[in-house]
$ cat final33.txt   # compact mmCIF, C-alpha atoms
# COMPACT_ATOMS: atom_id res chain seq x y z
CA MET F 1 -41.00 -40.08 104.70
CA GLY F 2 -44.28 -38.47 105.68
CA SER F 3 -47.92 -38.85 104.81
CA GLU F 4 -49.58 -39.20 101.40
CA SER F 5 -49.92 -35.44 101.08
CA THR F 6 -46.13 -35.04 100.98
CA VAL F 7 -45.78 -36.80 97.61
CA ILE F 8 -46.08 -34.41 94.69
CA THR F 9 -46.77 -35.23 91.05
CA PHE F 10 -44.06 -35.44 88.39
CA LYS F 11 -45.16 -32.17 86.75
CA THR F 12 -45.15 -30.34 90.09
CA TRP F 13 -41.77 -31.80 91.05
CA LYS F 14 -40.19 -30.86 87.72
CA SER F 15 -41.72 -27.39 87.84
CA LYS F 16 -40.33 -26.84 91.35
CA LYS F 17 -36.87 -28.00 90.25
CA ILE F 18 -36.95 -25.64 87.26
CA ASP F 19 -38.12 -22.76 89.47
CA GLU F 20 -35.28 -23.42 91.95
CA ALA F 21 -32.66 -23.58 89.19
CA THR F 22 -34.05 -20.44 87.52
CA SER F 23 -33.96 -18.57 90.82
CA ILE F 24 -30.27 -19.41 91.27
CA VAL F 25 -29.48 -18.15 87.74
CA ILE F 26 -31.39 -14.90 88.36
CA ASP F 27 -29.62 -14.34 91.70
CA LEU F 28 -26.19 -14.88 90.16
CA LYS F 29 -26.98 -12.55 87.24
CA SER F 30 -28.00 -9.90 89.77
CA LYS F 31 -24.73 -10.37 91.67
CA ILE F 32 -22.73 -9.95 88.47
CA ARG F 33 -24.64 -6.76 87.58
CA ALA F 34 -24.04 -5.40 91.06
CA LEU F 35 -20.32 -6.17 90.81
CA GLU F 36 -20.12 -4.56 87.36
CA ASN F 37 -21.91 -1.45 88.58
CA THR F 38 -19.65 -0.87 91.57
CA LYS F 39 -17.81 2.41 90.97
CA MET F 40 -14.80 1.81 93.18
CA ARG F 41 -13.61 -1.65 92.40
CA PRO F 42 -11.14 -3.08 94.89
CA PRO F 43 -8.48 -5.33 93.31
CA TYR F 44 -10.08 -8.51 94.64
CA GLN F 45 -13.42 -7.70 93.05
CA ASP F 46 -12.43 -8.87 89.56
CA GLU F 47 -11.58 -12.27 90.99
CA ASN F 48 -14.92 -12.29 92.82
CA GLU F 49 -16.74 -11.38 89.61
CA GLY F 50 -14.96 -14.24 87.83
CA SER F 51 -16.00 -16.62 90.57
CA VAL F 52 -19.61 -15.51 90.30
CA ALA F 53 -19.41 -15.81 86.49
CA ARG F 54 -18.21 -19.42 86.84
CA LYS F 55 -21.04 -20.14 89.27
CA LEU F 56 -23.50 -18.56 86.82
CA SER F 57 -22.20 -20.72 83.98
CA GLN F 58 -22.65 -23.85 86.13
CA ALA F 59 -26.11 -22.70 87.23
CA GLN F 60 -27.17 -22.17 83.61
CA PHE F 61 -25.93 -25.66 82.77
CA ASN F 62 -27.84 -27.07 85.75
CA LEU F 63 -30.98 -25.25 84.60
CA ALA F 64 -30.68 -26.80 81.14
CA LEU F 65 -30.31 -30.24 82.71
CA THR F 66 -33.26 -29.60 85.00
CA LYS F 67 -35.47 -28.79 82.03
CA GLU F 68 -34.62 -32.26 80.68
CA LEU F 69 -35.67 -34.16 83.83
CA SER F 70 -37.71 -37.23 82.91
CA ALA F 71 -40.34 -39.31 84.63
CA ASN F 72 -37.60 -41.85 85.31
CA ASP F 73 -35.58 -39.15 87.11
CA TYR F 74 -38.69 -38.40 89.15
CA VAL F 75 -38.94 -42.03 90.22
CA MET F 76 -35.23 -42.45 90.95
CA LEU F 77 -34.53 -39.08 92.57
CA TYR F 78 -37.81 -38.21 94.24
CA LEU F 79 -40.17 -41.17 94.63
CA ASN F 80 -37.60 -43.82 95.55
CA PRO F 81 -37.47 -42.91 99.28
CA PHE F 82 -41.26 -43.26 99.48
CA PHE F 83 -41.40 -46.84 98.19
CA SER F 84 -40.93 -48.61 101.50
CA ALA F 85 -42.48 -45.96 103.71
CA ASN F 86 -45.68 -45.02 101.89
CA HIS F 87 -46.96 -47.32 99.16
CA ALA F 88 -50.30 -45.50 98.92
CA ALA F 89 -48.52 -42.21 98.22
CA VAL F 90 -46.42 -43.82 95.50
CA LEU F 91 -49.55 -45.33 93.96
CA ARG F 92 -51.20 -41.90 93.93
CA ALA F 93 -48.14 -40.36 92.28
CA ALA F 94 -48.04 -43.17 89.68
CA LYS F 95 -51.66 -42.48 88.79
CA SER F 96 -50.74 -38.88 87.99
CA LEU F 97 -48.26 -39.93 85.28
CA ASN F 98 -49.30 -39.80 81.65
CA PRO F 99 -48.77 -42.80 79.35
CA LYS F 100 -45.56 -41.32 77.83
CA ASP F 101 -44.07 -40.89 81.32
CA VAL F 102 -44.93 -44.49 82.19
CA ALA F 103 -43.38 -45.68 78.93
CA ASP F 104 -40.19 -43.70 79.71
CA ILE F 105 -39.96 -45.33 83.14
CA ILE F 106 -40.50 -48.81 81.71
CA GLU F 107 -37.89 -48.19 79.00
CA ALA F 108 -35.34 -46.97 81.57
CA TYR F 109 -36.07 -50.01 83.72
CA GLN F 110 -35.63 -52.31 80.71
CA ASN F 111 -32.33 -50.60 79.84
CA LYS F 112 -31.14 -51.10 83.40
CA LEU F 113 -32.07 -54.77 83.29
CA SER F 114 -30.31 -55.16 79.94
CA SER F 115 -27.15 -53.45 81.17
CA THR F 116 -27.14 -55.59 84.33
CA LYS F 117 -27.56 -58.73 82.22
CA SER F 118 -24.75 -57.58 79.89
CA ALA F 119 -22.48 -56.93 82.86
CA GLU F 120 -23.18 -60.42 84.18
CA LEU F 121 -22.25 -61.88 80.79
CA LEU F 122 -18.94 -59.99 80.82
CA VAL F 123 -17.85 -61.41 84.17
CA PRO F 124 -15.78 -64.50 83.41
CA LYS F 125 -16.93 -67.71 84.98
CA VAL F 126 -13.96 -69.12 86.82
CA SER F 127 -14.01 -72.56 88.28
CA VAL F 128 -11.74 -73.10 91.20
CA GLU F 129 -10.16 -76.51 91.53
CA PRO F 130 -9.20 -77.65 95.00
CA VAL F 131 -5.47 -77.77 95.50
CA SER F 132 -4.28 -81.21 96.34
CA GLU F 133 -1.80 -81.61 99.10
CA LEU F 134 1.55 -82.99 98.09

$ encode --input "final33.txt" --output "structure tokens"
Amino acid sequence: MGSESTVITFKTWKSKKIDEATSIVIDLKSKIRALENTKMRPPYQDENEGSVARKLSQAQFNLALTKELSANDYVMLYLNPFFSANHAAVLRAAKSLNPKDVADIIEAYQNKLSSTKSAELLVPKVSVEPVSEL
């Protein structure tokens, strides 16, 4: 990835994601209104309106999820590609996080370590004995 200036803070990233999701919802609502206001409705238009309504429902769901994005999501979805390419940019982004965001990231990391450890414990240890030739 690019230079330090290309890394944005968590708050800016989340705000941009919410703005993008909101824009999609607004566009789909406008399409539905336009379809509803069409005086001469061809037979296929009802199906089209239903398709747009389904897209709107999904977009509204996506918007709700976007509003719940965490600092951990920021690290995993946005910052991760910068780790090997631009350590200074990642450091600058980390400095912009508040203590709660840092705690959320550490907790998510700890949960991941715990789940990995649990998965390792669930894998049976099998010892393989050499087969003797008869």

$ residues_near_point --input "final33.txt" --point "(-36.3, -40.4, 88.7)" --cutoff "12 Å" --atoms "all atoms listed in the file" --output "PyMOL selection string"
chain F and resi 9-10+13-14+66+68-81+101-102+104-106+108-109

$ atom_distance --input "final33.txt" --atom1 "atom CA of F:Ser84" --atom2 "atom CA of F:Val7"
13.3 Å

$ atom_distance --input "final33.txt" --atom1 "atom CA of F:Ile8" --atom2 "atom CA of F:Leu113"
27.2 Å

$ closest_residue --input "final33.txt" --among "F:Ala88, F:Ala94, F:Ala103, F:Val52" --to "F:Ala34" --atoms "all atoms listed in the file"
F:Val52

$ atom_distance --input "final33.txt" --atom1 "atom CA of F:Leu63" --atom2 "atom CA of F:Ile18"
6.5 Å

$ residues_around --input "final33.txt" --residues "F:Asn62" --least-positions-apart "5" --cutoff "12 Å" --atoms "all atoms listed in the file" --output "MDAnalysis selection string"
chainID F and resid 17:25 55:57 67:69
